Number of protein chains: 2
Amino acid sequence: MSEIKYPNRIIKTPSTNLIKTTNSKKARLGADFEEMINESNKFYLNKGLAAIYKKPTPIQVVSTTFPKRSMARITEAYYKTPSTTDYNGVYEGYYIDFEAKSCHSNSFPFSKIFKHQVEHLKTVHNLGGIAFLLIEFPNKEEIFLLPATMLFNLYDSMNEGGRKSIPYAYFKENAYLIKRGYTPQVDYLKAVDLLIKENKAKRI
Amino acid sequence: MSEIKYPNRIIKTPSTNLIKTTNSKKARLGADFEEMINESNKFYLNKGLAAIYKKPTPIQVVSTTFPKRSMARITEAYYKTPSTTDYNGVYEGYYIDFEAKSCHSNSFPFSKIFKHQVEHLKTVHNLGGIAFLLIEFPNKEEIFLLPATMLFNLYDSMNEGGRKSIPYAYFKENAYLIKRGYTPQVDYLKAVDLLIKENKAKRI
């Protein structure tokens, strides 16, 4: 398992607690992928190419205090399950909607995505939006765009007793490989262009 | 002077304090409008017409505890300024993006909307999305859809010394009046249809 060193990543490794180190390392790897996407979205926005944002994490606020008249301090709150996906926005008039996940094994387990998120992607697709997953395999230094239609087929076959995950080989053969770079770090709109072309071709 | 900052804010109203009561009444009216829109969006979603959601309020989490291993309790957090608008989604392949505000006076003051939100609506419009404001005048029991292009003209003229608000009469003459009903309570997609038609007519 080779470790990929992203430019700005800082890993603090307390030598006393191995389990915690592993967990926090995984969490941070996920965050890195998120940061790469956010940076790419900023690049697209500044270039006037697209306006795609990560939605804020939904939080249920239970109680607040007002230390100053104008400022609310939240003193008790809990993370909620997101109703939709992480990212959405507009690109060349198209509605774009996707979920991004880092995958540290050799397959992407469906347990990483909620059933209602798959349903949401189906709705988006049916309404003419561009829906997909961005899957990072950090160990292989590869990122794929998986069109939602491919996800639906595999997900539905799981419900009929099929595989509970999508193997790396499937991505390699069927999904769009995304070029890694400096600015943007994850140039996924190039894959979206191909996806749009393919969809148009199918409609003709 | 923006009255309603945080839709989900719970305001405890001691009956001894009239000012606070007024605030909470205003906050509740704002929340009602939000609830009406959310209910309408649910209706559209169930009918398979559109997938439009309110984005979660962005919150900066400062500290958390773990009363149970699997559950994080947020113990200190603050509301952040939203980077974009409240609502976005997809309708008939179009990217939809809007901000909703309740307006308790006879004009809509520009102070109710952040400059970067107007910029965001401009970007959306330039990228081919459908951008607008939904403005409720609860005292008149009327709701208007104001196309973003009208907002841009008035907003830019304010920066050149023009009015700092949009009078109710302007909405009455130029914006789309939205029919109030039972299900959906705010049938704004009908106005969006007209807006799309108008945009298409302009492009021809």
# chains A, B, ... in the order shown; residues from 1 in each chain; ligands from 1

$ closest_atom_pairs --of "chain B" --to "chain A" --cutoff "6 Å" --atoms "only C-alpha atoms" --output "JSON lines"
{"residue": "B:Pro56", "atom": "CA", "partner": "A:Pro58", "partner_atom": "CA", "distance": 5.1}
{"residue": "B:Pro58", "atom": "CA", "partner": "A:Pro56", "partner_atom": "CA", "distance": 5.2}
{"residue": "B:Arg73", "atom": "CA", "partner": "A:Tyr78", "partner_atom": "CA", "distance": 5.4}
{"residue": "B:Ile74", "atom": "CA", "partner": "A:Ala77", "partner_atom": "CA", "distance": 4.9}
{"residue": "B:Thr75", "atom": "CA", "partner": "A:Thr75", "partner_atom": "CA", "distance": 4.7}
{"residue": "B:Glu76", "atom": "CA", "partner": "A:Thr75", "partner_atom": "CA", "distance": 5.0}
{"residue": "B:Ala77", "atom": "CA", "partner": "A:Ile74", "partner_atom": "CA", "distance": 4.9}
{"residue": "B:Tyr78", "atom": "CA", "partner": "A:Arg73", "partner_atom": "CA", "distance": 5.4}
{"residue": "B:Glu92", "atom": "CA", "partner": "A:Leu127", "partner_atom": "CA", "distance": 5.4}
{"residue": "B:Gly93", "atom": "CA", "partner": "A:Gly128", "partner_atom": "CA", "distance": 4.1}
{"residue": "B:Tyr95", "atom": "CA", "partner": "A:Tyr95", "partner_atom": "CA", "distance": 4.7}
{"residue": "B:Leu127", "atom": "CA", "partner": "A:Glu92", "partner_atom": "CA", "distance": 5.4}
{"residue": "B:Gly128", "atom": "CA", "partner": "A:Gly93", "partner_atom": "CA", "distance": 4.1}
{"residue": "B:Gly129", "atom": "CA", "partner": "A:Gly93", "partner_atom": "CA", "distance": 5.4}

$ write_last_selection --atoms "C-alpha atoms" --output "short mmCIF file (atom, residue, chain, number, x, y, z; two decimals), in the first residue's frame"
data_model
loop_
_atom_site.label_atom_id
_atom_site.label_comp_id
_atom_site.auth_asym_id
_atom_site.auth_seq_id
_atom_site.Cartn_x
_atom_site.Cartn_y
_atom_site.Cartn_z
CA PRO B 56 -28.42 23.21 4.53
CA PRO B 58 -23.63 26.36 6.60
CA ARG B 73 -22.30 15.83 19.63
CA ILE B 74 -21.39 19.32 18.45
CA THR B 75 -20.83 21.50 21.51
CA GLU B 76 -19.64 24.73 19.91
CA ALA B 77 -20.51 25.98 16.45
CA TYR B 78 -21.47 29.17 14.62
CA GLU B 92 -36.85 19.75 -17.27
CA GLY B 93 -33.10 19.60 -17.77
CA TYR B 95 -30.50 24.20 -13.71
CA LEU B 127 -23.82 29.68 -17.56
CA GLY B 128 -27.34 29.07 -18.92
CA GLY B 129 -29.10 28.39 -15.63
#

$ select_by_dssp --residues "chain A" --states "strand (DSSP E or B)" --output "ChimeraX atom specification"
/A:50-54,59-68,71-79,87-91,94-102,107-109,130-137,142-147,165-167,176-178,180,186

$ closest_residue --among "A:Leu151, A:Leu189, A:Val118, A:Ile196" --to "A:Asn41" --atoms "only C-alpha atoms"
A:Leu189

$ closest_residue --among "A:Lys122, A:Lys179, A:Lys202, A:Lys112" --to "A:Ser165" --atoms "only C-alpha atoms"
A:Lys112

$ select_by_dssp --residues "stretch 39-141 of chain A" --states "helix (DSSP H, G or I)" --output "list in words"
Glu39, Ser40, Asn41, Lys42, Phe43, Tyr44, Leu45, Asn46, Phe110, Ser111, Lys112, Lys115, His116, Gln117, Val118, Glu119, His120, Leu121, Lys122, Thr123, Val124, His125, Asn126, Pro138, Asn139 and Lys140 of chain A

$ closest_residue --among "A:Lys200, A:Phe108, A:Glu136, A:Asp187" --to "A:Glu39" --atoms "only C-alpha atoms"
A:Asp187

$ closest_residue --among "B:Asp86, B:Glu142, B:Glu198, B:Glu99" --to "B:Gln185" --atoms "only C-alpha atoms"
B:Glu142

$ atom_distance --atom1 "atom CA of A:Arg163" --atom2 "atom CA of A:Pro109"
9.1 Å

$ closest_atom_pairs --of "stretch 71-119 of chain B" --to "stretch 137-140 of chain B" --cutoff "7 Å" --atoms "only C-alpha atoms" --output "CSV"
residue,atom,partner,partner_atom,distance
B:Ser102,CA,B:Phe137,CA,6.1
B:Cys103,CA,B:Phe137,CA,5.1
B:His104,CA,B:Phe137,CA,6.1

$ residues_around --residues "stretch 168-174 of chain B" --least-positions-apart "5" --cutoff "8 Å" --atoms "only C-alpha atoms" --output "MDAnalysis selection string"
chainID B and resid 106:108 144 146

$ write_last_selection --atoms "all heavy atoms" --output "compact mmCIF listing (two decimals), in the first residue's frame"
# COMPACT_ATOMS: atom_id res chain seq x y z
N ASN B 106 -43.21 47.81 2.25
CA ASN B 106 -43.75 48.00 0.90
C ASN B 106 -42.68 48.04 -0.19
O ASN B 106 -42.94 48.45 -1.31
CB ASN B 106 -44.60 49.27 0.84
CG ASN B 106 -46.06 48.93 1.12
OD1 ASN B 106 -46.50 47.81 0.83
ND2 ASN B 106 -46.78 49.88 1.68
N SER B 107 -41.46 47.65 0.21
CA SER B 107 -40.41 47.52 -0.80
C SER B 107 -39.40 46.49 -0.34
O SER B 107 -39.30 46.19 0.85
CB SER B 107 -39.73 48.87 -1.06
OG SER B 107 -39.02 49.26 0.08
N PHE B 108 -38.68 45.93 -1.29
CA PHE B 108 -37.67 44.92 -0.98
C PHE B 108 -36.30 45.59 -0.93
O PHE B 108 -35.77 46.02 -1.96
CB PHE B 108 -37.69 43.83 -2.06
CG PHE B 108 -36.55 42.85 -1.96
CD1 PHE B 108 -36.52 41.89 -0.96
CD2 PHE B 108 -35.49 42.91 -2.86
CE1 PHE B 108 -35.46 41.01 -0.86
CE2 PHE B 108 -34.42 42.03 -2.75
CZ PHE B 108 -34.41 41.08 -1.75
N PHE B 144 -44.04 36.91 -5.55
CA PHE B 144 -43.60 37.21 -6.91
C PHE B 144 -42.32 36.45 -7.25
O PHE B 144 -41.47 36.24 -6.39
CB PHE B 144 -43.32 38.71 -7.07
CG PHE B 144 -44.54 39.57 -6.92
CD1 PHE B 144 -44.85 40.15 -5.70
CD2 PHE B 144 -45.38 39.79 -8.00
CE1 PHE B 144 -45.97 40.94 -5.56
CE2 PHE B 144 -46.51 40.59 -7.88
CZ PHE B 144 -46.81 41.16 -6.65
N LEU B 146 -39.12 37.20 -9.36
CA LEU B 146 -38.40 38.28 -10.03
C LEU B 146 -37.23 37.67 -10.80
O LEU B 146 -36.28 37.16 -10.18
CB LEU B 146 -37.88 39.30 -9.01
CG LEU B 146 -37.19 40.52 -9.62
CD1 LEU B 146 -38.22 41.54 -10.11
CD2 LEU B 146 -36.24 41.17 -8.63

$ decode --residues "stretch 89-101 of chain B" --atoms "all heavy atoms" --output "PDB file, in the first residue's frame"
ATOM      1  N   GLY B  89     -31.541  23.211  -8.005  1.00  0.00           N
ATOM      2  CA  GLY B  89     -31.962  21.889  -8.432  1.00  0.00           C
ATOM      3  C   GLY B  89     -32.179  21.821  -9.923  1.00  0.00           C
ATOM      4  O   GLY B  89     -31.667  22.669 -10.664  1.00  0.00           O
ATOM      5  N   VAL B  90     -32.944  20.810 -10.338  1.00  0.00           N
ATOM      6  CA  VAL B  90     -33.116  20.549 -11.771  1.00  0.00           C
ATOM      7  C   VAL B  90     -34.599  20.452 -12.106  1.00  0.00           C
ATOM      8  O   VAL B  90     -35.389  19.864 -11.362  1.00  0.00           O
ATOM      9  CB  VAL B  90     -32.337  19.273 -12.194  1.00  0.00           C
ATOM     10  CG1 VAL B  90     -32.785  18.035 -11.420  1.00  0.00           C
ATOM     11  CG2 VAL B  90     -32.415  19.029 -13.698  1.00  0.00           C
ATOM     12  N   TYR B  91     -34.974  21.069 -13.233  1.00  0.00           N
ATOM     13  CA  TYR B  91     -36.348  21.040 -13.731  1.00  0.00           C
ATOM     14  C   TYR B  91     -36.301  20.996 -15.246  1.00  0.00           C
ATOM     15  O   TYR B  91     -35.735  21.906 -15.863  1.00  0.00           O
ATOM     16  CB  TYR B  91     -37.101  22.285 -13.237  1.00  0.00           C
ATOM     17  CG  TYR B  91     -38.455  22.498 -13.898  1.00  0.00           C
ATOM     18  CD1 TYR B  91     -39.448  21.518 -13.848  1.00  0.00           C
ATOM     19  CD2 TYR B  91     -38.745  23.699 -14.549  1.00  0.00           C
ATOM     20  CE1 TYR B  91     -40.680  21.720 -14.438  1.00  0.00           C
ATOM     21  CE2 TYR B  91     -39.981  23.913 -15.143  1.00  0.00           C
ATOM     22  CZ  TYR B  91     -40.942  22.910 -15.088  1.00  0.00           C
ATOM     23  OH  TYR B  91     -42.170  23.115 -15.677  1.00  0.00           O
ATOM     24  N   GLU B  92     -36.831  19.936 -15.820  1.00  0.00           N
ATOM     25  CA  GLU B  92     -36.849  19.749 -17.275  1.00  0.00           C
ATOM     26  C   GLU B  92     -35.474  19.985 -17.905  1.00  0.00           C
ATOM     27  O   GLU B  92     -35.362  20.658 -18.937  1.00  0.00           O
ATOM     28  CB  GLU B  92     -37.887  20.670 -17.918  1.00  0.00           C
ATOM     29  CG  GLU B  92     -39.306  20.199 -17.618  1.00  0.00           C
ATOM     30  CD  GLU B  92     -40.379  20.931 -18.422  1.00  0.00           C
ATOM     31  OE1 GLU B  92     -40.022  21.842 -19.170  1.00  0.00           O
ATOM     32  OE2 GLU B  92     -41.554  20.570 -18.283  1.00  0.00           O
ATOM     33  N   GLY B  93     -34.453  19.466 -17.259  1.00  0.00           N
ATOM     34  CA  GLY B  93     -33.096  19.597 -17.772  1.00  0.00           C
ATOM     35  C   GLY B  93     -32.444  20.936 -17.457  1.00  0.00           C
ATOM     36  O   GLY B  93     -31.248  21.100 -17.660  1.00  0.00           O
ATOM     37  N   TYR B  94     -33.217  21.881 -16.960  1.00  0.00           N
ATOM     38  CA  TYR B  94     -32.663  23.199 -16.635  1.00  0.00           C
ATOM     39  C   TYR B  94     -32.111  23.222 -15.208  1.00  0.00           C
ATOM     40  O   TYR B  94     -32.725  22.652 -14.290  1.00  0.00           O
ATOM     41  CB  TYR B  94     -33.732  24.292 -16.743  1.00  0.00           C
ATOM     42  CG  TYR B  94     -34.141  24.600 -18.154  1.00  0.00           C
ATOM     43  CD1 TYR B  94     -35.283  24.020 -18.708  1.00  0.00           C
ATOM     44  CD2 TYR B  94     -33.396  25.470 -18.946  1.00  0.00           C
ATOM     45  CE1 TYR B  94     -35.665  24.294 -20.012  1.00  0.00           C
ATOM     46  CE2 TYR B  94     -33.778  25.751 -20.248  1.00  0.00           C
ATOM     47  CZ  TYR B  94     -34.907  25.158 -20.773  1.00  0.00           C
ATOM     48  OH  TYR B  94     -35.282  25.434 -22.059  1.00  0.00           O
ATOM     49  N   TYR B  95     -31.015  23.933 -15.051  1.00  0.00           N
ATOM     50  CA  TYR B  95     -30.500  24.204 -13.710  1.00  0.00           C
ATOM     51  C   TYR B  95     -31.259  25.400 -13.139  1.00  0.00           C
ATOM     52  O   TYR B  95     -31.316  26.464 -13.756  1.00  0.00           O
ATOM     53  CB  TYR B  95     -29.002  24.507 -13.767  1.00  0.00           C
ATOM     54  CG  TYR B  95     -28.449  24.943 -12.423  1.00  0.00           C
ATOM     55  CD1 TYR B  95     -28.205  24.007 -11.418  1.00  0.00           C
ATOM     56  CD2 TYR B  95     -28.190  26.280 -12.161  1.00  0.00           C
ATOM     57  CE1 TYR B  95     -27.715  24.396 -10.191  1.00  0.00           C
ATOM     58  CE2 TYR B  95     -27.693  26.683 -10.922  1.00  0.00           C
ATOM     59  CZ  TYR B  95     -27.461  25.734  -9.942  1.00  0.00           C
ATOM     60  OH  TYR B  95     -26.987  26.124  -8.725  1.00  0.00           O
ATOM     61  N   ILE B  96     -31.856  25.200 -11.968  1.00  0.00           N
ATOM     62  CA  ILE B  96     -32.689  26.214 -11.311  1.00  0.00           C
ATOM     63  C   ILE B  96     -31.952  26.711 -10.070  1.00  0.00           C
ATOM     64  O   ILE B  96     -31.412  25.900  -9.315  1.00  0.00           O
ATOM     65  CB  ILE B  96     -34.034  25.584 -10.867  1.00  0.00           C
ATOM     66  CG1 ILE B  96     -34.764  24.922 -12.052  1.00  0.00           C
ATOM     67  CG2 ILE B  96     -34.920  26.596 -10.145  1.00  0.00           C
ATOM     68  CD1 ILE B  96     -35.275  25.855 -13.096  1.00  0.00           C
ATOM     69  N   ASP B  97     -31.924  28.014  -9.848  1.00  0.00           N
ATOM     70  CA  ASP B  97     -31.203  28.576  -8.701  1.00  0.00           C
ATOM     71  C   ASP B  97     -31.918  29.831  -8.226  1.00  0.00           C
ATOM     72  O   ASP B  97     -32.135  30.749  -9.004  1.00  0.00           O
ATOM     73  CB  ASP B  97     -29.769  28.922  -9.141  1.00  0.00           C
ATOM     74  CG  ASP B  97     -28.835  29.142  -7.965  1.00  0.00           C
ATOM     75  OD1 ASP B  97     -29.128  30.024  -7.136  1.00  0.00           O
ATOM     76  OD2 ASP B  97     -27.818  28.437  -7.880  1.00  0.00           O
ATOM     77  N   PHE B  98     -32.306  29.855  -6.963  1.00  0.00           N
ATOM     78  CA  PHE B  98     -32.991  31.060  -6.463  1.00  0.00           C
ATOM     79  C   PHE B  98     -32.820  31.294  -4.975  1.00  0.00           C
ATOM     80  O   PHE B  98     -32.436  30.400  -4.222  1.00  0.00           O
ATOM     81  CB  PHE B  98     -34.484  31.031  -6.824  1.00  0.00           C
ATOM     82  CG  PHE B  98     -35.285  29.935  -6.169  1.00  0.00           C
ATOM     83  CD1 PHE B  98     -36.007  30.181  -5.007  1.00  0.00           C
ATOM     84  CD2 PHE B  98     -35.355  28.663  -6.731  1.00  0.00           C
ATOM     85  CE1 PHE B  98     -36.775  29.186  -4.412  1.00  0.00           C
ATOM     86  CE2 PHE B  98     -36.113  27.662  -6.145  1.00  0.00           C
ATOM     87  CZ  PHE B  98     -36.823  27.918  -4.988  1.00  0.00           C
ATOM     88  N   GLU B  99     -33.100  32.514  -4.598  1.00  0.00           N
ATOM     89  CA  GLU B  99     -33.109  32.927  -3.199  1.00  0.00           C
ATOM     90  C   GLU B  99     -34.534  33.354  -2.867  1.00  0.00           C
ATOM     91  O   GLU B  99     -35.213  33.951  -3.714  1.00  0.00           O
ATOM     92  CB  GLU B  99     -32.129  34.103  -3.024  1.00  0.00           C
ATOM     93  CG  GLU B  99     -31.927  34.591  -1.614  1.00  0.00           C
ATOM     94  CD  GLU B  99     -31.133  33.638  -0.729  1.00  0.00           C
ATOM     95  OE1 GLU B  99     -30.425  32.744  -1.260  1.00  0.00           O
ATOM     96  OE2 GLU B  99     -31.246  33.783   0.501  1.00  0.00           O
ATOM     97  N   ALA B 100     -35.009  33.025  -1.677  1.00  0.00           N
ATOM     98  CA  ALA B 100     -36.374  33.378  -1.271  1.00  0.00           C
ATOM     99  C   ALA B 100     -36.341  34.297  -0.058  1.00  0.00           C
ATOM    100  O   ALA B 100     -35.584  34.054   0.886  1.00  0.00           O
ATOM    101  CB  ALA B 100     -37.149  32.105  -0.950  1.00  0.00           C
ATOM    102  N   LYS B 101     -37.150  35.355  -0.110  1.00  0.00           N
ATOM    103  CA  LYS B 101     -37.179  36.308   1.006  1.00  0.00           C
ATOM    104  C   LYS B 101     -38.606  36.767   1.296  1.00  0.00           C
ATOM    105  O   LYS B 101     -39.377  36.999   0.364  1.00  0.00           O
ATOM    106  CB  LYS B 101     -36.350  37.561   0.651  1.00  0.00           C
ATOM    107  CG  LYS B 101     -34.866  37.326   0.462  1.00  0.00           C
ATOM    108  CD  LYS B 101     -34.137  37.179   1.770  1.00  0.00           C
ATOM    109  CE  LYS B 101     -32.667  36.880   1.528  1.00  0.00           C
ATOM    110  NZ  LYS B 101     -32.015  36.327   2.714  1.00  0.00           N
TER     111      LYS B 101
END
